[in-house]
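K.L.:
Data file query-v1.tsv (TSV, C-alpha atoms) is appended below.
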chain	number	residue	atom	x	y	z
J	23	MET	CA	-97.22	-35.57	36.00
J	24	ILE	CA	-99.59	-32.90	34.77
J	25	GLY	CA	-97.16	-30.16	35.93
J	26	LYS	CA	-94.37	-31.76	33.94
J	27	LYS	CA	-96.36	-31.88	30.68
J	28	GLY	CA	-94.94	-28.55	29.47
J	29	GLN	CA	-91.40	-29.61	30.24
J	30	MET	CA	-92.00	-32.78	28.23
J	31	PHE	CA	-92.62	-30.59	25.17
J	32	LEU	CA	-89.28	-28.88	25.72
J	33	ILE	CA	-87.43	-32.16	26.30
J	34	MET	CA	-88.97	-33.65	23.15
J	35	GLY	CA	-88.04	-30.50	21.22
J	36	ILE	CA	-84.43	-30.68	22.40
J	37	LEU	CA	-84.29	-34.37	21.47
J	38	ILE	CA	-85.64	-33.60	17.98
J	39	ILE	CA	-83.07	-30.82	17.53
J	40	LEU	CA	-80.27	-33.17	18.70
J	41	PHE	CA	-81.55	-35.74	16.20
J	42	LEU	CA	-81.49	-33.14	13.40
J	43	ILE	CA	-77.94	-32.10	14.34
J	44	THR	CA	-76.86	-35.76	14.27
J	45	ILE	CA	-78.36	-36.19	10.79
J	46	ARG	CA	-76.68	-32.99	9.62
J	47	LEU	CA	-73.28	-34.14	10.87
J	48	ALA	CA	-73.67	-37.72	9.66
J	49	VAL	CA	-74.71	-36.78	6.13
J	50	GLN	CA	-72.07	-34.34	4.95
J	51	PRO	CA	-73.50	-32.08	2.29
J	52	PRO	CA	-71.65	-31.53	-0.97
J	53	ALA	CA	-69.30	-28.56	-1.11
J	54	ARG	CA	-71.32	-25.39	-0.94
J	55	LEU	CA	-70.80	-23.64	-4.24
J	56	ALA	CA	-72.17	-20.16	-3.91
J	57	ARG	CA	-73.78	-18.96	-7.11
J	58	ILE	CA	-72.92	-15.48	-8.29
J	59	ASP	CA	-74.28	-14.78	-11.73
J	60	ASP	CA	-72.14	-12.00	-13.07
J	61	PHE	CA	-71.24	-13.50	-16.41
J	62	ASP	CA	-68.50	-11.59	-18.20
J	63	SER	CA	-68.34	-12.15	-21.96
J	64	SER	CA	-65.12	-10.16	-22.50
J	65	ASN	CA	-62.85	-13.18	-21.98
J	66	ILE	CA	-64.73	-15.18	-24.64
J	67	LYS	CA	-64.79	-12.21	-27.00
J	68	ASN	CA	-61.01	-11.76	-26.70
J	69	GLU	CA	-60.41	-15.45	-27.10
J	70	PHE	CA	-62.27	-15.66	-30.44
J	71	GLY	CA	-59.89	-12.94	-31.64
J	72	ASN	CA	-56.97	-14.94	-30.26
J	73	VAL	CA	-58.05	-18.05	-32.18
J	74	GLN	CA	-57.63	-16.07	-35.38
J	75	ASP	CA	-54.42	-14.27	-34.33
J	76	PHE	CA	-52.71	-17.39	-33.00
J	77	SER	CA	-53.75	-19.48	-36.01
J	78	ALA	CA	-52.39	-16.82	-38.37
J	79	VAL	CA	-48.93	-17.11	-36.77
J	80	ASN	CA	-48.15	-20.42	-38.42
J	81	SER	CA	-50.91	-20.55	-41.06
J	82	THR	CA	-52.91	-23.14	-39.14
J	83	ASN	CA	-56.34	-23.74	-40.62
J	84	ILE	CA	-58.21	-20.82	-39.09
J	85	THR	CA	-61.64	-22.05	-40.12
J	86	ASN	CA	-61.06	-25.42	-38.45
J	87	ASN	CA	-59.92	-23.72	-35.26
J	88	LEU	CA	-62.83	-21.28	-35.24
J	89	ASN	CA	-65.26	-24.16	-35.75
J	90	ASN	CA	-63.61	-26.21	-33.04
J	91	PHE	CA	-63.56	-23.32	-30.56
J	92	SER	CA	-67.22	-22.46	-31.26
J	93	LEU	CA	-68.21	-26.04	-30.42
J	94	PHE	CA	-65.88	-26.18	-27.41
J	95	LEU	CA	-67.46	-23.06	-25.94
J	96	ARG	CA	-70.97	-24.25	-26.65
J	97	THR	CA	-70.28	-27.46	-24.72
J	98	LYS	CA	-68.48	-25.78	-21.84
J	99	LEU	CA	-71.07	-23.05	-21.38
J	100	SER	CA	-73.95	-25.51	-21.54
J	101	GLU	CA	-72.36	-27.29	-18.57
J	102	ARG	CA	-72.89	-23.99	-16.73
J	103	ASN	CA	-76.49	-23.72	-18.00
J	104	LEU	CA	-75.47	-20.89	-20.32
J	105	GLU	CA	-76.30	-20.81	-24.00
J	106	VAL	CA	-74.11	-19.31	-26.69
J	107	SER	CA	-74.98	-18.85	-30.37
J	108	SER	CA	-72.25	-17.68	-32.68
J	109	PHE	CA	-71.71	-16.67	-36.26
J	110	TYR	CA	-68.51	-15.75	-38.02
J	111	ALA	CA	-67.56	-14.57	-41.49
J	112	SER	CA	-63.85	-14.75	-42.20
J	113	VAL	CA	-62.03	-13.40	-45.24
J	114	PHE	CA	-58.48	-14.37	-46.21
J	115	VAL	CA	-56.79	-12.22	-48.82
J	116	THR	CA	-53.44	-12.98	-50.40
J	117	ASN	CA	-51.39	-10.83	-52.75
J	118	ALA	CA	-53.37	-7.71	-51.91
J	119	SER	CA	-51.60	-5.29	-54.24
J	120	ASN	CA	-53.44	-2.49	-55.94
J	121	ASN	CA	-54.91	-3.27	-59.39
J	122	THR	CA	-53.97	-6.94	-59.21
J	123	GLN	CA	-56.12	-10.03	-59.03
J	124	ALA	CA	-56.39	-11.02	-55.40
J	125	ASN	CA	-57.69	-14.28	-54.10
J	126	PHE	CA	-60.42	-13.82	-51.51
J	127	THR	CA	-61.29	-16.91	-49.49
J	128	ILE	CA	-64.44	-16.32	-47.49
J	129	SER	CA	-65.67	-18.72	-44.82
J	130	VAL	CA	-68.95	-18.53	-43.00
J	131	GLY	CA	-69.50	-20.48	-39.78
J	132	ASN	CA	-72.99	-21.10	-38.47
J	133	TYR	CA	-73.34	-21.89	-34.75
J	134	LEU	CA	-76.67	-20.10	-34.42
J	135	ARG	CA	-78.60	-23.23	-33.38
J	136	ALA	CA	-80.66	-23.18	-36.60
J	137	PRO	CA	-79.85	-23.50	-40.32
J	138	ILE	CA	-79.08	-20.36	-42.32
J	139	THR	CA	-80.26	-20.28	-45.92
J	140	ASP	CA	-79.69	-18.25	-49.11
J	141	VAL	CA	-76.24	-17.16	-48.06
J	142	ASN	CA	-75.09	-14.42	-50.44
J	143	ILE	CA	-71.69	-12.79	-50.35
J	144	THR	CA	-70.67	-9.52	-51.93
J	145	ALA	CA	-67.10	-8.26	-52.11
J	146	ARG	CA	-66.67	-4.65	-53.15
J	147	ASN	CA	-64.42	-1.63	-53.07
J	148	SER	CA	-64.98	1.91	-54.30
J	149	THR	CA	-65.71	0.88	-57.91
J	150	ARG	CA	-65.79	-2.88	-58.23
J	151	ILE	CA	-68.47	-5.26	-57.01
J	152	TYR	CA	-68.40	-9.04	-57.06
J	153	ASN	CA	-71.54	-10.94	-56.11
J	154	SER	CA	-71.60	-14.58	-55.27
J	155	THR	CA	-74.04	-17.05	-53.87
J	156	LEU	CA	-72.09	-19.13	-51.47
J	157	VAL	CA	-74.55	-21.89	-50.65
J	158	SER	CA	-78.26	-22.34	-50.34
J	159	ARG	CA	-78.04	-23.72	-46.80
J	160	ILE	CA	-75.54	-24.01	-43.95
J	161	ASN	CA	-76.71	-26.19	-41.08
J	162	ASP	CA	-76.01	-25.48	-37.44
J	163	THR	CA	-72.39	-26.32	-36.41
J	164	ASN	CA	-71.30	-26.24	-40.07
J	165	SER	CA	-69.27	-23.86	-42.17
J	166	ALA	CA	-68.85	-23.20	-45.87
J	167	THR	CA	-66.03	-21.61	-47.84
J	168	VAL	CA	-65.95	-19.88	-51.22
J	169	ASN	CA	-63.08	-18.50	-53.29
J	170	ILE	CA	-63.41	-15.23	-55.20
J	171	ASN	CA	-60.88	-13.76	-57.58
J	172	PHE	CA	-61.30	-10.06	-57.20
J	173	THR	CA	-59.38	-7.18	-58.75
J	174	MET	CA	-58.12	-4.98	-55.97
J	175	LEU	CA	-58.54	-1.25	-56.15
J	176	GLY	CA	-57.04	0.50	-53.20
J	177	ILE	CA	-56.62	-1.18	-49.88
J	178	ASN	CA	-60.10	-0.76	-48.45
J	179	GLN	CA	-62.60	-3.54	-49.10
J	180	THR	CA	-66.10	-4.36	-47.93
J	181	ILE	CA	-67.54	-7.82	-47.49
J	182	GLU	CA	-71.27	-8.26	-47.14
J	183	VAL	CA	-72.84	-11.52	-46.04
J	184	VAL	CA	-76.62	-11.74	-46.29
J	185	TYR	CA	-78.55	-14.80	-45.09
J	186	THR	CA	-81.92	-15.92	-43.82
J	187	LEU	CA	-82.28	-17.21	-40.27
J	188	ASN	CA	-85.68	-18.27	-38.95
J	189	ASN	CA	-87.43	-16.40	-41.82
J	190	LYS	CA	-85.54	-13.20	-41.07
J	191	THR	CA	-83.05	-11.67	-43.48
J	192	ILE	CA	-79.84	-10.69	-41.77
J	193	ASN	CA	-77.12	-8.52	-43.24
J	194	GLN	CA	-73.64	-8.84	-41.79
J	195	SER	CA	-71.26	-6.48	-43.53
J	196	PHE	CA	-67.81	-5.41	-42.55
J	197	PHE	CA	-65.12	-3.16	-43.84
J	198	PHE	CA	-61.46	-4.08	-43.80
J	199	ALA	CA	-58.10	-2.85	-45.03
J	200	THR	CA	-55.52	-5.01	-46.75
J	201	GLU	CA	-51.79	-4.42	-46.81
J	202	PRO	CA	-49.81	-4.75	-50.05
J	203	ALA	CA	-48.13	-8.13	-50.51
J	204	LYS	CA	-49.42	-9.30	-47.15
J	205	TYR	CA	-51.71	-12.07	-46.08
J	206	THR	CA	-54.70	-10.45	-44.39
J	207	ILE	CA	-57.28	-12.28	-42.33
J	208	SER	CA	-60.34	-10.42	-41.11
J	209	THR	CA	-63.23	-11.94	-39.23
J	210	LEU	CA	-66.57	-10.60	-38.13
J	211	PHE	CA	-67.89	-12.32	-35.01
J	212	ASP	CA	-71.47	-12.16	-33.80
J	213	LEU	CA	-72.01	-13.83	-30.44
J	214	LYS	CA	-75.21	-14.08	-28.44
J	215	PHE	CA	-75.31	-15.36	-24.87
J	216	LYS	CA	-78.56	-16.44	-23.26
J	217	LEU	CA	-78.25	-16.04	-19.50
J	218	SER	CA	-80.81	-16.89	-16.84
J	219	ASP	CA	-81.99	-13.30	-16.52
J	220	LYS	CA	-80.86	-11.50	-19.68
J	221	ASP	CA	-79.32	-11.81	-23.15
J	222	VAL	CA	-75.88	-10.44	-23.99
J	223	SER	CA	-74.68	-9.71	-27.53
J	224	GLU	CA	-71.12	-9.17	-28.73
J	225	ARG	CA	-70.50	-8.15	-32.33
J	226	PHE	CA	-66.89	-7.40	-33.13
J	227	PHE	CA	-64.25	-7.56	-35.78
J	228	ASP	CA	-60.64	-8.77	-35.71
J	229	THR	CA	-57.86	-8.44	-38.30
J	230	SER	CA	-54.52	-10.22	-38.45
J	231	VAL	CA	-51.82	-9.41	-41.00
J	232	ARG	CA	-48.94	-11.70	-41.80
X	30	MET	CA	-118.60	-22.89	43.68
X	31	GLY	CA	-115.58	-20.68	44.42
X	32	ASN	CA	-113.31	-23.74	44.33
X	33	CYS	CA	-114.71	-24.81	40.94
X	34	TYR	CA	-114.09	-21.34	39.52
X	35	THR	CA	-110.49	-21.27	40.81
X	36	ARG	CA	-109.81	-24.79	39.43
X	37	GLY	CA	-111.30	-23.76	36.08
X	38	MET	CA	-109.04	-20.72	35.96
X	39	GLU	CA	-106.01	-22.86	36.89
X	40	MET	CA	-106.81	-25.38	34.12
X	41	ARG	CA	-107.22	-22.56	31.57
X	42	SER	CA	-103.92	-21.01	32.66
X	43	LYS	CA	-102.14	-24.37	32.38
X	44	GLY	CA	-103.68	-24.98	28.95
X	45	PHE	CA	-102.45	-21.60	27.85
X	46	SER	CA	-98.91	-22.27	29.11
X	47	TYR	CA	-98.88	-25.73	27.39
X	48	SER	CA	-99.88	-24.07	24.10
X	49	LEU	CA	-97.20	-21.44	24.58
X	50	GLU	CA	-94.55	-24.05	25.34
X	51	SER	CA	-95.51	-26.21	22.39
X	52	LEU	CA	-95.37	-23.16	20.09
X	53	LEU	CA	-91.95	-22.31	21.54
X	54	VAL	CA	-90.71	-25.83	20.85
X	55	ILE	CA	-92.11	-25.80	17.30
X	56	GLY	CA	-90.38	-22.45	16.75
X	57	LEU	CA	-87.10	-23.84	18.09
X	58	ILE	CA	-87.30	-26.91	15.84
X	59	LEU	CA	-88.10	-24.80	12.76
X	60	SER	CA	-85.21	-22.41	13.52
X	61	ALA	CA	-82.84	-25.36	13.97
X	62	MET	CA	-83.99	-26.84	10.62
X	63	ILE	CA	-83.49	-23.52	8.84
X	64	ILE	CA	-80.00	-23.06	10.33
X	65	LEU	CA	-78.93	-26.66	9.68
X	66	PHE	CA	-80.37	-27.23	6.22
X	67	SER	CA	-80.63	-23.84	4.59
X	68	GLY	CA	-79.13	-23.22	1.12
X	69	VAL	CA	-76.07	-21.12	0.52
X	70	SER	CA	-76.21	-17.50	-0.33
X	71	PRO	CA	-72.87	-15.82	-0.69
X	72	SER	CA	-71.98	-13.58	2.19
X	73	GLY	CA	-70.65	-10.10	1.60
X	74	SER	CA	-67.03	-11.15	2.03
X	75	SER	CA	-67.50	-14.21	-0.23
X	76	ARG	CA	-68.93	-11.94	-2.88
X	77	ASN	CA	-65.55	-10.16	-2.99
X	78	LEU	CA	-63.88	-13.43	-3.97
X	79	LYS	CA	-65.40	-13.27	-7.45
X	80	PRO	CA	-63.58	-10.11	-8.62
X	81	LEU	CA	-60.39	-11.21	-6.85
X	82	GLY	CA	-60.38	-14.51	-8.73
X	83	ALA	CA	-61.25	-12.83	-12.03
X	84	ASP	CA	-58.47	-10.25	-11.60
X	85	ALA	CA	-55.92	-12.96	-10.74
X	86	LEU	CA	-56.71	-14.94	-13.90
X	87	GLN	CA	-56.86	-11.89	-16.12
X	88	SER	CA	-53.59	-10.39	-14.87
X	89	LEU	CA	-51.79	-13.71	-15.37
X	90	ASP	CA	-53.22	-13.90	-18.88
X	91	GLU	CA	-52.07	-10.36	-19.64
X	92	GLU	CA	-48.57	-11.35	-18.49
X	93	GLY	CA	-48.74	-14.32	-20.89
X	94	ILE	CA	-48.21	-16.76	-18.01
X	95	LEU	CA	-51.70	-18.24	-17.78
X	96	ARG	CA	-52.07	-19.73	-21.25
X	97	GLU	CA	-48.40	-20.73	-21.45
X	98	TYR	CA	-48.58	-22.75	-18.21
X	99	VAL	CA	-51.98	-24.22	-19.07
X	100	VAL	CA	-50.97	-25.38	-22.55
X	101	THR	CA	-47.65	-26.80	-21.29
X	102	ASN	CA	-49.43	-28.48	-18.35
X	103	GLN	CA	-47.45	-26.68	-15.64
X	104	THR	CA	-50.28	-26.52	-13.13
X	105	THR	CA	-48.05	-26.33	-10.03
X	106	LEU	CA	-46.22	-23.27	-11.36
X	107	LEU	CA	-49.55	-21.66	-12.17
X	108	GLU	CA	-50.85	-22.38	-8.66
X	109	THR	CA	-47.73	-20.73	-7.21
X	110	GLU	CA	-48.41	-17.64	-9.32
X	111	ILE	CA	-52.05	-17.52	-8.23
X	112	SER	CA	-51.18	-17.89	-4.54
X	113	SER	CA	-48.76	-14.98	-4.84
X	114	ILE	CA	-51.60	-12.80	-6.19
X	115	LEU	CA	-54.48	-13.79	-3.93
X	116	PRO	CA	-54.59	-12.50	-0.33
X	117	GLN	CA	-53.29	-14.97	2.27
X	118	THR	CA	-56.73	-15.21	3.84
X	119	ILE	CA	-58.04	-16.89	0.70
X	120	ASP	CA	-57.56	-20.52	-0.21
X	121	PHE	CA	-58.12	-21.84	-3.75
X	122	LYS	CA	-58.19	-24.84	-6.02
X	123	LEU	CA	-57.35	-24.69	-9.71
X	124	VAL	CA	-58.97	-27.01	-12.22
X	125	ILE	CA	-57.95	-27.16	-15.86
X	126	CYS	CA	-60.39	-28.83	-18.23
X	127	SER	CA	-59.96	-29.77	-21.86
X	128	GLU	CA	-62.90	-31.82	-23.17
X	129	SER	CA	-63.76	-33.02	-19.68
X	130	CYS	CA	-62.97	-31.78	-16.20
X	131	PRO	CA	-61.08	-33.82	-13.60
X	132	ALA	CA	-62.90	-34.58	-10.34
X	133	VAL	CA	-62.35	-31.95	-7.69
X	134	SER	CA	-62.93	-32.07	-3.95
X	135	LEU	CA	-63.92	-28.76	-2.42
X	136	PRO	CA	-64.09	-27.86	1.26
X	137	ARG	CA	-67.38	-28.47	2.98
X	138	ASN	CA	-69.18	-25.81	4.96
X	139	LYS	CA	-67.45	-23.00	3.11
X	140	ASN	CA	-68.80	-20.57	0.58
X	141	VAL	CA	-66.88	-21.53	-2.54
X	142	ILE	CA	-66.82	-19.14	-5.48
X	143	ALA	CA	-66.01	-20.34	-9.01
X	144	ASN	CA	-64.33	-18.21	-11.67
X	145	PHE	CA	-64.32	-19.51	-15.23
X	146	TYR	CA	-61.75	-18.52	-17.84
X	147	TYR	CA	-61.25	-19.78	-21.38
X	148	VAL	CA	-58.07	-19.93	-23.44
X	149	SER	CA	-57.73	-21.12	-27.01
X	150	GLY	CA	-54.01	-21.83	-26.88
X	151	THR	CA	-50.79	-19.93	-27.45
X	152	PRO	CA	-49.45	-18.24	-30.60
X	153	GLY	CA	-49.09	-21.02	-33.13
X	154	VAL	CA	-50.70	-23.68	-30.94
X	155	TYR	CA	-54.44	-24.23	-30.92
X	156	ALA	CA	-55.34	-25.92	-27.62
X	157	PRO	CA	-58.62	-24.85	-25.99
X	158	TYR	CA	-58.97	-25.13	-22.22
X	159	GLU	CA	-61.45	-24.12	-19.56
X	160	ILE	CA	-59.81	-22.90	-16.37
X	161	ILE	CA	-61.86	-22.96	-13.16
X	162	LEU	CA	-60.54	-21.18	-10.12
X	163	TYR	CA	-62.42	-22.07	-6.93
X	164	THR	CA	-61.81	-19.68	-4.04
X	165	TRP	CA	-62.97	-19.56	-0.44
X	166	GLU	CA	-62.01	-17.89	2.79
X	167	LYS	CA	-59.68	-19.86	5.07
Could you render the structure as structure tokens?
P.N.:
Amino acid sequence: MIGKKGQMFLIMGILIILFLITIRLAVQPPARLARIDDFDSSNIKNEFGNVQDFSAVNSTNITNNLNNFSLFLRTKLSERNLEVSSFYASVFVTNASNNTQANFTISVGNYLRAPITDVNITARNSTRIYNSTLVSRINDTNSATVNINFTMLGINQTIEVVYTLNNKTINQSFFFATEPAKYTISTLFDLKFKLSDKDVSERFFDTSVR
Amino acid sequence: MGNCYTRGMEMRSKGFSYSLESLLVIGLILSAMIILFSGVSPSGSSRNLKPLGADALQSLDEEGILREYVVTNQTTLLETEISSILPQTIDFKLVICSESCPAVSLPRNKNVIANFYYVSGTPGVYAPYEIILYTWEK
């Protein structure tokens, strides 16, 4: 009996291993989803541009679509434990002929996860400047729109949007070119992705002419 | 006296072999637990699935097929296109989500890689979708 004591250890060990194998086979684990964290923001960046381009095709409400897509992405990325904050400033210009009154419609969308305050907009070209206070506050997941009648001089225009976010003043300005008698839509996008190990920023500009 | 010494040595030797055997068994059990219940880390070949899936989705989007088929709900046609791009050694499942995602059953005991792709619609049609391409080796 004493001589067989060592073998008993081995037999017990084999029985335990057989028991573990039985448990493993009986309780099927969920599908093994291997995690590879190489997030690529280029698809999302292109798609924001597509929202504008595709909406411009049949004059769909671009602001509505940009707002909807910003929320859609926020929801979908949060399901993947990713966080996106986005900001856009869109300008729509009609009747962009030289030395004529053009109607500038400027929309600002805040998806930065905090309110933005003191939103000031400046439209200018080489000689003319138009200043406007859009709104005192735009809450997260909201947008605001202002109309400016602006006398065009040349085709090159600059839009400057200044706002305060978390006590920091941020200046988002962009330069765009209009085409005579065309409907021009230009949008500045500022996206920030918070990943598990790093932050990724994408700041870009898209123009559609119809 | 000599007998006592020999018996003492024998007992010590047996004790040592029992300890060794018990350690061996503990080691075997631990190894079995690690093999049976360890988490998944993608193997080298599974890691290659990620760029393959991403390229398949991107090339179909560049051809204009991806978003067209997704928006018009032609999933089977899209799956045919994907299977013609991916190597034959790779199996896949395509999931198209609007607000919510349909339930999907994935193979067990395989390293499954997920590729995510977003489309906002087609020219003139705003319809956002999330496309998830799950791939694994056959």
K.L.:
Do you know which residues are at most 8 Å from J:Arg135 counting all atoms listed in the file, after dropping those on the same chain fewer than 4 positions away, and could you put them as a list in words?
P.N.:
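Residues near the query, excluding close chain neighbours: Ser107, Asp162 and Thr163 of chain J.
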K.L.:
Define the interface residues of chain X facing chain J as those within 8 Å, counting all atoms listed in the file, and report them as a PyMOL selection string.
P.N.:
chain X and resi 46-47+50-51+54-55+57-58+61-62+65-66+69-71+76+79+128+134-143+146-155+157+159
K.L.:
For J:Ile177, list every protein, DNA or RNA residue within 12 Å, evaluated using all atoms listed in the file, and leave out those in the same chain fewer than 6 positions away; present the list as a PDB file with C-alpha atoms, in the frame of the given file.
P.N.:
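Dumped to result_38.pdb:
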ATOM      1  CA  VAL J 115     -56.790 -12.220 -48.820  1.00  0.00           C
ATOM      2  CA  ASN J 117     -51.390 -10.830 -52.750  1.00  0.00           C
ATOM      3  CA  ALA J 118     -53.370  -7.710 -51.910  1.00  0.00           C
ATOM      4  CA  SER J 119     -51.600  -5.290 -54.240  1.00  0.00           C
ATOM      5  CA  ASN J 120     -53.440  -2.490 -55.940  1.00  0.00           C
ATOM      6  CA  ASN J 121     -54.910  -3.270 -59.390  1.00  0.00           C
ATOM      7  CA  THR J 122     -53.970  -6.940 -59.210  1.00  0.00           C
ATOM      8  CA  ALA J 124     -56.390 -11.020 -55.400  1.00  0.00           C
ATOM      9  CA  ARG J 146     -66.670  -4.650 -53.150  1.00  0.00           C
ATOM     10  CA  ASN J 147     -64.420  -1.630 -53.070  1.00  0.00           C
ATOM     11  CA  SER J 148     -64.980   1.910 -54.300  1.00  0.00           C
ATOM     12  CA  PHE J 197     -65.120  -3.160 -43.840  1.00  0.00           C
ATOM     13  CA  PHE J 198     -61.460  -4.080 -43.800  1.00  0.00           C
ATOM     14  CA  ALA J 199     -58.100  -2.850 -45.030  1.00  0.00           C
ATOM     15  CA  THR J 200     -55.520  -5.010 -46.750  1.00  0.00           C
ATOM     16  CA  GLU J 201     -51.790  -4.420 -46.810  1.00  0.00           C
ATOM     17  CA  PRO J 202     -49.810  -4.750 -50.050  1.00  0.00           C
ATOM     18  CA  ALA J 203     -48.130  -8.130 -50.510  1.00  0.00           C
ATOM     19  CA  LYS J 204     -49.420  -9.300 -47.150  1.00  0.00           C
ATOM     20  CA  THR J 206     -54.700 -10.450 -44.390  1.00  0.00           C
TER      21      THR J 206
END
K.L.:
Restricting the calculation to only C-alpha atoms: of J:Phe226, J:Phe114, J:Phe126, J:Tyr185, which residue gets closest to J:Ile207?
P.N.:
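Of all the options, J:Phe114 lies closest to J:Ile207.
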K.L.:
Considering all atoms listed in the file, can you say which of X:Ala156, X:Leu53, X:Leu162, X:Ile94 comes closest to X:Phe121?
P.N.:
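Ranked by minimum distance to X:Phe121, first place goes to X:Leu162.
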K.L.:
Between atom CA of J:Thr229 and atom CA of J:Arg96, what distance in Å does the model show, to one decimal?
P.N.:
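Going from atom CA of J:Thr229 over to atom CA of J:Arg96, I get 23.6 Å.
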K.L.:
So that I can check the surroundings of X:Ser112, please list as JSON, numbers by chain every protein, DNA and RNA residue that reaches within 12 Å of it, counting all atoms listed in the file and ignoring chain neighbours fewer than 2 positions away.
P.N.:
{"X": [81, 82, 85, 86, 89, 105, 106, 107, 108, 109, 110, 114, 115, 116, 117, 118, 119, 120, 121, 122, 123, 162, 164]}
K.L.:
Using all atoms listed in the file, determine which residues lie at most 10 Å from J:Arg150, disregarding the query and same-chain residues fewer than 4 positions distant; provide the list as a list of chain:residue names.
P.N.:
J:Ala145, J:Arg146, J:Phe172, J:Thr173, J:Met174, J:Leu175, J:Gln179
K.L.:
What is the atom CA of J:Thr149 to atom CA of J:Thr186 distance in Å?
P.N.:
27.3 Å
K.L.:
Which residue out of X:Ile161, X:Asp84, X:Phe145, X:Tyr98 has the minimum interatomic distance to X:Pro131 when only C-alpha atoms are used?
P.N.:
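Counting only C-alpha atoms, the residue closest to X:Pro131 is X:Ile161.
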K.L.:
So the first atom is atom CA of J:Ile160 and the second is atom CA of J:Ser208; what is the distance between them in Å, to one decimal place?
P.N.:
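Atom CA of J:Ser208 lies 20.6 Å from atom CA of J:Ile160.
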K.L.:
Pick out the residues sitting within 8 Å of J:Thr85, and hand them over as a list in words; count all atoms listed in the file, and ignore anything fewer than 3 positions along from it in its own chain.
P.N.:
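So, after excluding close chain neighbours, the residues are Leu88, Asn89, Ser112 and Ser129 of chain J.
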